[in-house]
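Undergrad: Take this structure first; my questions come after.
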Amino acid sequence: MLSRSDLADVPISPGEVVRAVEDAYLAFAEGSSDNPRKLSVAHPDGWSVAYAMLGRDGRRRVVAMKTSYKFDPHHDRSTKRYYTTITLYDDATGLPIAMMDCARVGALRTPAVSALLVRETVRPGARSVLLIGTGTQGRNALPHLLAANPQLDRLMLYGTHPEGLEAVQRELLRHQPRAELEIVSDPRAAARDADVVLATAGPGTKVALEADDLAPGAVTVLVGYGLAPSTLGRADRVIATNAEQMTLTGTDMADSDGRLRQVDAELPQILSRRAAGRLSDDQRIFVYNSGLVLTDIAVAHALATLAIAEGRGTEVRLWD
């Protein structure tokens, strides 16, 4: 059993996380891994929602089940409860590996996916990034982005929480000591100068960049909130990690008739060179980053391996 505190400071670099996530996508693209559709149940009054996700990583020979439960009866931080776990099984020996808290796994694999999406869609010569949001995803976004895109050297950040702004800068400098971060007060003006826009803000944000706010050839990556539906509807090209998941979780980006733009290509096919990320330098590309349990498995397995090697966690003889 690996708790949140057991995993909190397990040393793993952004580059290692990016490589693990890319490997998981490539295994999926070649057909050696399985990623069935997630199951969900929700309270009829919206008090809670739960998900179950099963996957098999063919390269690592690991089978895993991830569960997610959110209790949020009053849409208030003081009463909100959110728990995620993942259980790993060794599909070569038939033995369980670990049951572990999944908070850090999600905090790492999502920005790693965004980094790969940008790498495969950014236009040649791109240098500038605008990050919107300073929560967990915002704090991890830039180190992973730069691990896969070291040419990006103008880093802009918009946020409204001073402690969040400090946390983003602190995490960036921990991995990139020479990086410079520019705090911007006008996200729309900054977006017009940005080759890449990462929208990681929470649902309470007042920022919703429109298509007209974007520079020619820009890539916009939606992780949380911060983009208006027009950025999808008027994009020249749409990329997703998984088109089916986008239809399930991206409904807030639908147009006035309730329709979502069709996805032109998915990340696994782009990484395996079966599809192109970008077709021309001037294309404005909208990217939708949704979860794929295979990426959770890859990062969880890497963290569990490191943690167990260091003697962390508690061995539980559950089946004796």
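Labels for the structure tokens follow display order: chains A, B, ..., residues from 1 in each chain, ligands from 1.
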Write out as a ChimeraX atom specification each polymer residue whose atoms come within 8 Å of range 286-296 of chain A, counting only C-alpha atoms; drop sequence neighbours fewer than 3 positions from it.

TA: /A:20-21,24-25,28,33-35,53-57,66,105-106,109-110,113-114,117,219-223,231-232,235-242,245-246,249,299-300

Undergrad: Let's have the selection written as a compact mmCIF listing (two decimals), in the first residue's frame, with N, CA and C atoms.

TA:
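Produced file out-v1.txt, reproduced below:
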```txt
# COMPACT_ATOMS: atom_id res chain seq x y z
N ALA A 20 7.62 7.91 -20.18
CA ALA A 20 6.71 6.84 -19.78
C ALA A 20 5.35 6.99 -20.45
N VAL A 21 4.86 8.23 -20.49
CA VAL A 21 3.56 8.49 -21.11
C VAL A 21 3.62 8.23 -22.61
N ALA A 24 3.50 4.59 -23.32
CA ALA A 24 2.16 4.03 -23.14
C ALA A 24 1.29 4.28 -24.37
N TYR A 25 1.38 5.47 -24.95
CA TYR A 25 0.61 5.78 -26.15
C TYR A 25 1.06 4.95 -27.34
N PHE A 28 -0.28 1.49 -27.08
CA PHE A 28 -1.70 1.48 -27.42
C PHE A 28 -1.88 1.54 -28.93
N SER A 33 -1.69 -2.90 -26.05
CA SER A 33 -2.35 -2.51 -24.80
C SER A 33 -3.84 -2.35 -25.03
N ASP A 34 -4.60 -2.42 -23.94
CA ASP A 34 -6.06 -2.28 -24.00
C ASP A 34 -6.51 -1.15 -23.09
N ASN A 35 -7.47 -0.37 -23.57
CA ASN A 35 -7.99 0.76 -22.80
C ASN A 35 -9.51 0.83 -22.99
N MET A 53 -11.88 2.69 -14.20
CA MET A 53 -11.15 2.58 -15.47
C MET A 53 -10.18 1.40 -15.39
N LEU A 54 -10.31 0.50 -16.33
CA LEU A 54 -9.48 -0.70 -16.39
C LEU A 54 -8.56 -0.62 -17.61
N GLY A 55 -7.32 -1.06 -17.46
CA GLY A 55 -6.40 -1.04 -18.59
C GLY A 55 -5.34 -2.12 -18.48
N ARG A 56 -4.77 -2.45 -19.63
CA ARG A 56 -3.67 -3.43 -19.68
C ARG A 56 -2.54 -2.84 -20.50
N ASP A 57 -1.37 -2.71 -19.86
CA ASP A 57 -0.18 -2.19 -20.52
C ASP A 57 0.62 -3.38 -21.04
N LYS A 66 -8.13 1.78 -12.05
CA LYS A 66 -8.14 3.09 -11.40
C LYS A 66 -9.57 3.43 -11.02
N VAL A 105 0.00 10.78 -9.44
CA VAL A 105 0.00 10.20 -10.79
C VAL A 105 -0.72 11.14 -11.75
N GLY A 106 -1.93 11.57 -11.38
CA GLY A 106 -2.70 12.47 -12.23
C GLY A 106 -2.05 13.82 -12.38
N ARG A 109 0.96 12.95 -15.00
CA ARG A 109 0.73 12.43 -16.36
C ARG A 109 -0.01 13.43 -17.24
N THR A 110 -0.89 14.26 -16.68
CA THR A 110 -1.64 15.21 -17.51
C THR A 110 -0.72 16.26 -18.14
N VAL A 113 1.24 14.65 -20.93
CA VAL A 113 0.45 14.50 -22.16
C VAL A 113 0.38 15.82 -22.91
N SER A 114 0.14 16.91 -22.20
CA SER A 114 0.11 18.23 -22.85
C SER A 114 1.44 18.52 -23.54
N LEU A 117 1.52 16.63 -26.76
CA LEU A 117 0.58 17.23 -27.71
C LEU A 117 1.17 18.49 -28.34
N VAL A 219 -1.19 27.06 -31.07
CA VAL A 219 -1.75 25.82 -30.53
C VAL A 219 -2.39 26.14 -29.19
N THR A 220 -3.65 25.75 -29.02
CA THR A 220 -4.32 25.91 -27.73
C THR A 220 -4.60 24.54 -27.16
N VAL A 221 -4.20 24.32 -25.92
CA VAL A 221 -4.40 23.03 -25.25
C VAL A 221 -5.36 23.23 -24.10
N LEU A 222 -6.50 22.54 -24.15
CA LEU A 222 -7.48 22.63 -23.09
C LEU A 222 -7.30 21.47 -22.12
N VAL A 223 -6.95 21.80 -20.88
CA VAL A 223 -6.82 20.81 -19.81
C VAL A 223 -7.94 21.00 -18.79
N THR A 231 -12.77 28.76 -29.83
CA THR A 231 -11.40 28.29 -30.10
C THR A 231 -11.42 26.89 -30.68
N LEU A 232 -12.44 26.12 -30.34
CA LEU A 232 -12.63 24.81 -30.95
C LEU A 232 -13.38 24.94 -32.28
N ALA A 235 -11.25 26.45 -35.09
CA ALA A 235 -9.89 25.95 -35.28
C ALA A 235 -9.73 25.38 -36.68
N ASP A 236 -8.52 25.45 -37.21
CA ASP A 236 -8.23 24.85 -38.51
C ASP A 236 -8.04 23.35 -38.40
N ARG A 237 -7.66 22.89 -37.22
CA ARG A 237 -7.41 21.47 -37.01
C ARG A 237 -7.67 21.15 -35.54
N VAL A 238 -8.25 19.98 -35.26
CA VAL A 238 -8.59 19.57 -33.90
C VAL A 238 -7.90 18.24 -33.60
N ILE A 239 -7.15 18.22 -32.50
CA ILE A 239 -6.43 17.04 -32.05
C ILE A 239 -6.93 16.67 -30.65
N ALA A 240 -7.05 15.39 -30.38
CA ALA A 240 -7.46 14.94 -29.05
C ALA A 240 -6.62 13.74 -28.64
N THR A 241 -6.53 13.53 -27.35
CA THR A 241 -5.92 12.28 -26.89
C THR A 241 -6.83 11.11 -27.23
N ASN A 242 -8.15 11.35 -27.13
CA ASN A 242 -9.12 10.31 -27.44
C ASN A 242 -10.42 10.99 -27.85
N GLN A 245 -13.61 10.18 -25.69
CA GLN A 245 -13.65 10.85 -24.39
C GLN A 245 -13.97 12.33 -24.53
N MET A 246 -13.53 12.94 -25.63
CA MET A 246 -13.85 14.35 -25.85
C MET A 246 -15.35 14.55 -25.98
N THR A 249 -16.66 14.31 -22.21
CA THR A 249 -16.26 15.28 -21.19
C THR A 249 -16.06 16.70 -21.73
N VAL A 299 2.72 5.89 -15.43
CA VAL A 299 3.32 6.75 -14.41
C VAL A 299 3.22 6.09 -13.03
N ALA A 300 2.07 5.45 -12.75
CA ALA A 300 1.92 4.76 -11.46
C ALA A 300 2.94 3.65 -11.31
```

Undergrad: Run DSSP on the backbone of this structure and report the residues of range 77-251 of chain A it assigns to helix (DSSP H, G or I), as JSON, numbers by chain.

TA: {"A": [103, 104, 105, 106, 107, 108, 109, 110, 111, 112, 113, 114, 115, 116, 117, 118, 119, 120, 121, 136, 137, 138, 139, 140, 141, 142, 143, 144, 145, 146, 147, 148, 162, 163, 164, 165, 166, 167, 168, 169, 170, 171, 172, 173, 174, 175, 187, 188, 189, 190, 191, 211, 212, 213, 230, 231, 232, 233, 243, 244, 245, 246, 247, 248, 249, 251]}

Undergrad: Those selected residues, please, written with C-alpha atoms and delivered as an mmCIF file, in the first residue's frame.

TA:
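Produced file part-v9.cif, reproduced below:
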```cif
data_model
loop_
_atom_site.group_PDB
_atom_site.id
_atom_site.type_symbol
_atom_site.label_atom_id
_atom_site.label_comp_id
_atom_site.auth_asym_id
_atom_site.auth_seq_id
_atom_site.Cartn_x
_atom_site.Cartn_y
_atom_site.Cartn_z
ATOM 1 C CA ALA A 103 -3.219 12.054 -6.834
ATOM 2 C CA ARG A 104 0.417 12.522 -7.817
ATOM 3 C CA VAL A 105 0.000 10.200 -10.787
ATOM 4 C CA GLY A 106 -2.698 12.468 -12.233
ATOM 5 C CA ALA A 107 -0.737 15.600 -11.358
ATOM 6 C CA LEU A 108 2.206 14.329 -13.429
ATOM 7 C CA ARG A 109 0.727 12.428 -16.362
ATOM 8 C CA THR A 110 -1.641 15.211 -17.507
ATOM 9 C CA PRO A 111 1.085 17.860 -18.051
ATOM 10 C CA ALA A 112 3.244 15.183 -19.674
ATOM 11 C CA VAL A 113 0.447 14.497 -22.156
ATOM 12 C CA SER A 114 0.108 18.233 -22.853
ATOM 13 C CA ALA A 115 3.864 18.387 -23.476
ATOM 14 C CA LEU A 116 3.631 15.640 -26.087
ATOM 15 C CA LEU A 117 0.582 17.228 -27.707
ATOM 16 C CA VAL A 118 2.451 20.511 -28.056
ATOM 17 C CA ARG A 119 5.578 18.801 -29.378
ATOM 18 C CA GLU A 120 3.551 17.176 -32.151
ATOM 19 C CA THR A 121 1.488 20.237 -33.132
ATOM 20 C CA THR A 136 -2.123 21.609 -9.467
ATOM 21 C CA GLN A 137 -2.048 21.280 -13.249
ATOM 22 C CA GLY A 138 -0.702 24.782 -13.732
ATOM 23 C CA ARG A 139 2.103 24.175 -11.260
ATOM 24 C CA ASN A 140 3.294 21.083 -13.094
ATOM 25 C CA ALA A 141 2.675 22.303 -16.652
ATOM 26 C CA LEU A 142 5.851 24.192 -17.524
ATOM 27 C CA PRO A 143 8.539 21.722 -16.340
ATOM 28 C CA HIS A 144 6.947 18.941 -18.384
ATOM 29 C CA LEU A 145 6.318 21.222 -21.359
ATOM 30 C CA LEU A 146 9.980 22.242 -21.466
ATOM 31 C CA ALA A 147 11.170 18.659 -21.065
ATOM 32 C CA ALA A 148 9.590 17.880 -24.438
ATOM 33 C CA PRO A 162 -0.615 35.131 -5.382
ATOM 34 C CA GLU A 163 0.286 31.859 -3.676
ATOM 35 C CA GLY A 164 -0.465 30.000 -6.901
ATOM 36 C CA LEU A 165 1.737 32.320 -8.948
ATOM 37 C CA GLU A 166 4.575 31.760 -6.495
ATOM 38 C CA ALA A 167 4.055 27.992 -6.585
ATOM 39 C CA VAL A 168 4.202 27.864 -10.398
ATOM 40 C CA GLN A 169 7.451 29.849 -10.398
ATOM 41 C CA ARG A 170 8.941 27.748 -7.600
ATOM 42 C CA GLU A 171 8.184 24.465 -9.384
ATOM 43 C CA LEU A 172 9.536 25.795 -12.677
ATOM 44 C CA LEU A 173 12.818 26.920 -11.107
ATOM 45 C CA ARG A 174 13.200 23.604 -9.293
ATOM 46 C CA HIS A 175 13.531 21.895 -12.667
ATOM 47 C CA PRO A 187 -4.427 37.207 -20.838
ATOM 48 C CA ARG A 188 -6.011 38.295 -24.129
ATOM 49 C CA ALA A 189 -3.119 40.560 -25.025
ATOM 50 C CA ALA A 190 -0.662 37.847 -24.012
ATOM 51 C CA ALA A 191 -2.495 35.260 -26.123
ATOM 52 C CA ALA A 211 -10.685 32.453 -31.383
ATOM 53 C CA ASP A 212 -9.979 36.102 -32.289
ATOM 54 C CA ASP A 213 -7.596 36.361 -29.319
ATOM 55 C CA SER A 230 -15.025 29.455 -30.513
ATOM 56 C CA THR A 231 -11.401 28.293 -30.101
ATOM 57 C CA LEU A 232 -12.628 24.811 -30.954
ATOM 58 C CA GLY A 233 -15.338 25.732 -33.436
ATOM 59 C CA ALA A 243 -12.042 11.445 -29.621
ATOM 60 C CA GLU A 244 -14.630 9.384 -27.747
ATOM 61 C CA GLN A 245 -13.647 10.855 -24.392
ATOM 62 C CA MET A 246 -13.846 14.345 -25.846
ATOM 63 C CA THR A 247 -17.495 13.751 -26.776
ATOM 64 C CA LEU A 248 -18.178 12.687 -23.183
ATOM 65 C CA THR A 249 -16.259 15.284 -21.187
ATOM 66 C CA THR A 251 -19.587 19.110 -23.929
#
```

Undergrad: Name all residues at most 6 Å from range 91-102 of chain A (count only C-alpha atoms; drop same-chain ones fewer than 3 positions away) and give them as a list in words.

TA: Met1, Leu2, Ser3, Arg4, Arg61, Val62, Thr84, Thr85, Ile86, Thr87, Leu88 and Val105 of chain A

Undergrad: What gap, in Å, lies between CA of Arg59 in chain A and CA of Glu30 in chain A?

TA: 10.4 Å

Undergrad: List the spatial neighbours of Val41 in chain A as a ChimeraX atom specification - criterion: any atom at most 7 Å away, only C-alpha atoms, same-chain residues fewer than 4 positions off excluded.

TA: /A:49-51

Undergrad: Selected residues, C-alpha atoms, written as an mmCIF file, in the first residue's frame, please.

TA:
```
data_model
loop_
_atom_site.group_PDB
_atom_site.id
_atom_site.type_symbol
_atom_site.label_atom_id
_atom_site.label_comp_id
_atom_site.auth_asym_id
_atom_site.auth_seq_id
_atom_site.Cartn_x
_atom_site.Cartn_y
_atom_site.Cartn_z
ATOM 1 C CA VAL A 49 -19.714 11.089 -9.222
ATOM 2 C CA ALA A 50 -17.505 8.007 -9.466
ATOM 3 C CA TYR A 51 -15.499 6.411 -12.278
#
```

Undergrad: List every residue of range 98-268 of chain A that DSSP, applied to the backbone of this structure, assigns to strand (DSSP E), and report them as an MDAnalysis selection string.

TA: chainID A and resid 98:101 128:132 154:158 181:183 196:199 219:222 237:240 265:266

Undergrad: Residues as selected, N, CA and C atoms, written as a compact mmCIF listing (two decimals), in the first residue's frame, can you do that?

TA:
```txt
# COMPACT_ATOMS: atom_id res chain seq x y z
N ALA A 98 0.91 -3.20 -6.24
CA ALA A 98 0.62 -2.17 -5.25
C ALA A 98 -0.79 -1.63 -5.44
N MET A 99 -1.37 -1.19 -4.32
CA MET A 99 -2.54 -0.32 -4.36
C MET A 99 -2.06 1.03 -3.86
N MET A 100 -2.35 2.07 -4.62
CA MET A 100 -1.74 3.36 -4.32
C MET A 100 -2.67 4.55 -4.55
N ASP A 101 -2.43 5.60 -3.80
CA ASP A 101 -3.10 6.87 -4.05
C ASP A 101 -2.70 7.36 -5.43
N SER A 128 7.02 31.07 -27.71
CA SER A 128 6.31 31.68 -26.59
C SER A 128 5.14 30.82 -26.12
N VAL A 129 4.91 30.86 -24.80
CA VAL A 129 3.86 30.08 -24.14
C VAL A 129 3.10 30.98 -23.19
N LEU A 130 1.77 30.85 -23.20
CA LEU A 130 0.93 31.47 -22.18
C LEU A 130 0.27 30.36 -21.39
N LEU A 131 0.51 30.32 -20.08
CA LEU A 131 -0.13 29.38 -19.18
C LEU A 131 -1.20 30.11 -18.40
N ILE A 132 -2.42 29.56 -18.44
CA ILE A 132 -3.55 30.14 -17.69
C ILE A 132 -3.91 29.18 -16.57
N ARG A 154 10.06 31.79 -24.05
CA ARG A 154 9.33 32.93 -23.50
C ARG A 154 8.10 32.37 -22.78
N LEU A 155 8.12 32.45 -21.46
CA LEU A 155 7.10 31.81 -20.65
C LEU A 155 6.26 32.87 -19.96
N MET A 156 4.96 32.90 -20.27
CA MET A 156 4.03 33.86 -19.68
C MET A 156 3.02 33.13 -18.82
N LEU A 157 2.62 33.76 -17.73
CA LEU A 157 1.67 33.14 -16.79
C LEU A 157 0.60 34.13 -16.39
N TYR A 158 -0.66 33.68 -16.45
CA TYR A 158 -1.77 34.47 -15.93
C TYR A 158 -2.45 33.69 -14.81
N LEU A 181 10.12 33.64 -15.94
CA LEU A 181 8.66 33.60 -16.05
C LEU A 181 8.09 35.00 -15.97
N GLU A 182 7.28 35.35 -16.95
CA GLU A 182 6.67 36.67 -17.03
C GLU A 182 5.23 36.58 -16.56
N ILE A 183 4.89 37.30 -15.49
CA ILE A 183 3.51 37.34 -15.00
C ILE A 183 2.77 38.41 -15.80
N VAL A 196 1.84 29.05 -28.06
CA VAL A 196 1.17 27.97 -27.35
C VAL A 196 0.38 28.56 -26.20
N VAL A 197 -0.87 28.14 -26.04
CA VAL A 197 -1.70 28.52 -24.90
C VAL A 197 -2.11 27.25 -24.17
N LEU A 198 -1.76 27.17 -22.89
CA LEU A 198 -2.16 26.05 -22.04
C LEU A 198 -3.22 26.54 -21.07
N ALA A 199 -4.44 26.03 -21.21
CA ALA A 199 -5.55 26.45 -20.36
C ALA A 199 -5.77 25.41 -19.28
N VAL A 219 -1.19 27.06 -31.07
CA VAL A 219 -1.75 25.82 -30.53
C VAL A 219 -2.39 26.14 -29.19
N THR A 220 -3.65 25.75 -29.02
CA THR A 220 -4.32 25.91 -27.73
C THR A 220 -4.60 24.54 -27.16
N VAL A 221 -4.20 24.32 -25.92
CA VAL A 221 -4.40 23.03 -25.25
C VAL A 221 -5.36 23.23 -24.10
N LEU A 222 -6.50 22.54 -24.15
CA LEU A 222 -7.48 22.63 -23.09
C LEU A 222 -7.30 21.47 -22.12
N ARG A 237 -7.66 22.89 -37.22
CA ARG A 237 -7.41 21.47 -37.01
C ARG A 237 -7.67 21.15 -35.54
N VAL A 238 -8.25 19.98 -35.26
CA VAL A 238 -8.59 19.57 -33.90
C VAL A 238 -7.90 18.24 -33.60
N ILE A 239 -7.15 18.22 -32.50
CA ILE A 239 -6.43 17.04 -32.05
C ILE A 239 -6.93 16.67 -30.65
N ALA A 240 -7.05 15.39 -30.38
CA ALA A 240 -7.46 14.94 -29.05
C ALA A 240 -6.62 13.74 -28.64
N ALA A 265 -7.45 14.13 -35.65
CA ALA A 265 -6.45 13.09 -35.37
C ALA A 265 -6.31 12.93 -33.87
N GLU A 266 -5.91 11.72 -33.46
CA GLU A 266 -5.69 11.42 -32.05
C GLU A 266 -4.19 11.26 -31.79
```

Undergrad: Which neighbours of range 224-227 of chain A fall inside 8 Å, counting only C-alpha atoms, when residues of the same chain fewer than 3 positions from it are skipped, and could you give them as a list of chain:residue names?

TA: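 Answer for this query is A:Ile132, A:Ala199, A:Thr200, A:Ala201, A:Gly202, A:Pro203, A:Thr205, A:Lys206, A:Val207, A:Ala208, A:Leu209, A:Glu210, A:Thr231.
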
Undergrad: Please report the interatomic distance between CA of Trp47 in chain A and CA of Phe71 in chain A in Å with one decimal.

TA: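 Distance between the two atoms: 6.0 Å.
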
Undergrad: Here is a test: counting only C-alpha atoms, which residue of A:Ala126, A:Leu279, A:Ala309, A:Val316 is nearest to Asp193 in chain A?

TA: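 Counting only C-alpha atoms, the residue closest to Asp193 in chain A is A:Ala126.
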
Undergrad: Nearest to Asp281 in chain A: which of A:Asp153, A:Glu22, A:Asp195, A:Asp76 is it, counting only C-alpha atoms?

TA: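 Residue with the minimum atom-to-atom distance to Asp281 in chain A: A:Asp195.
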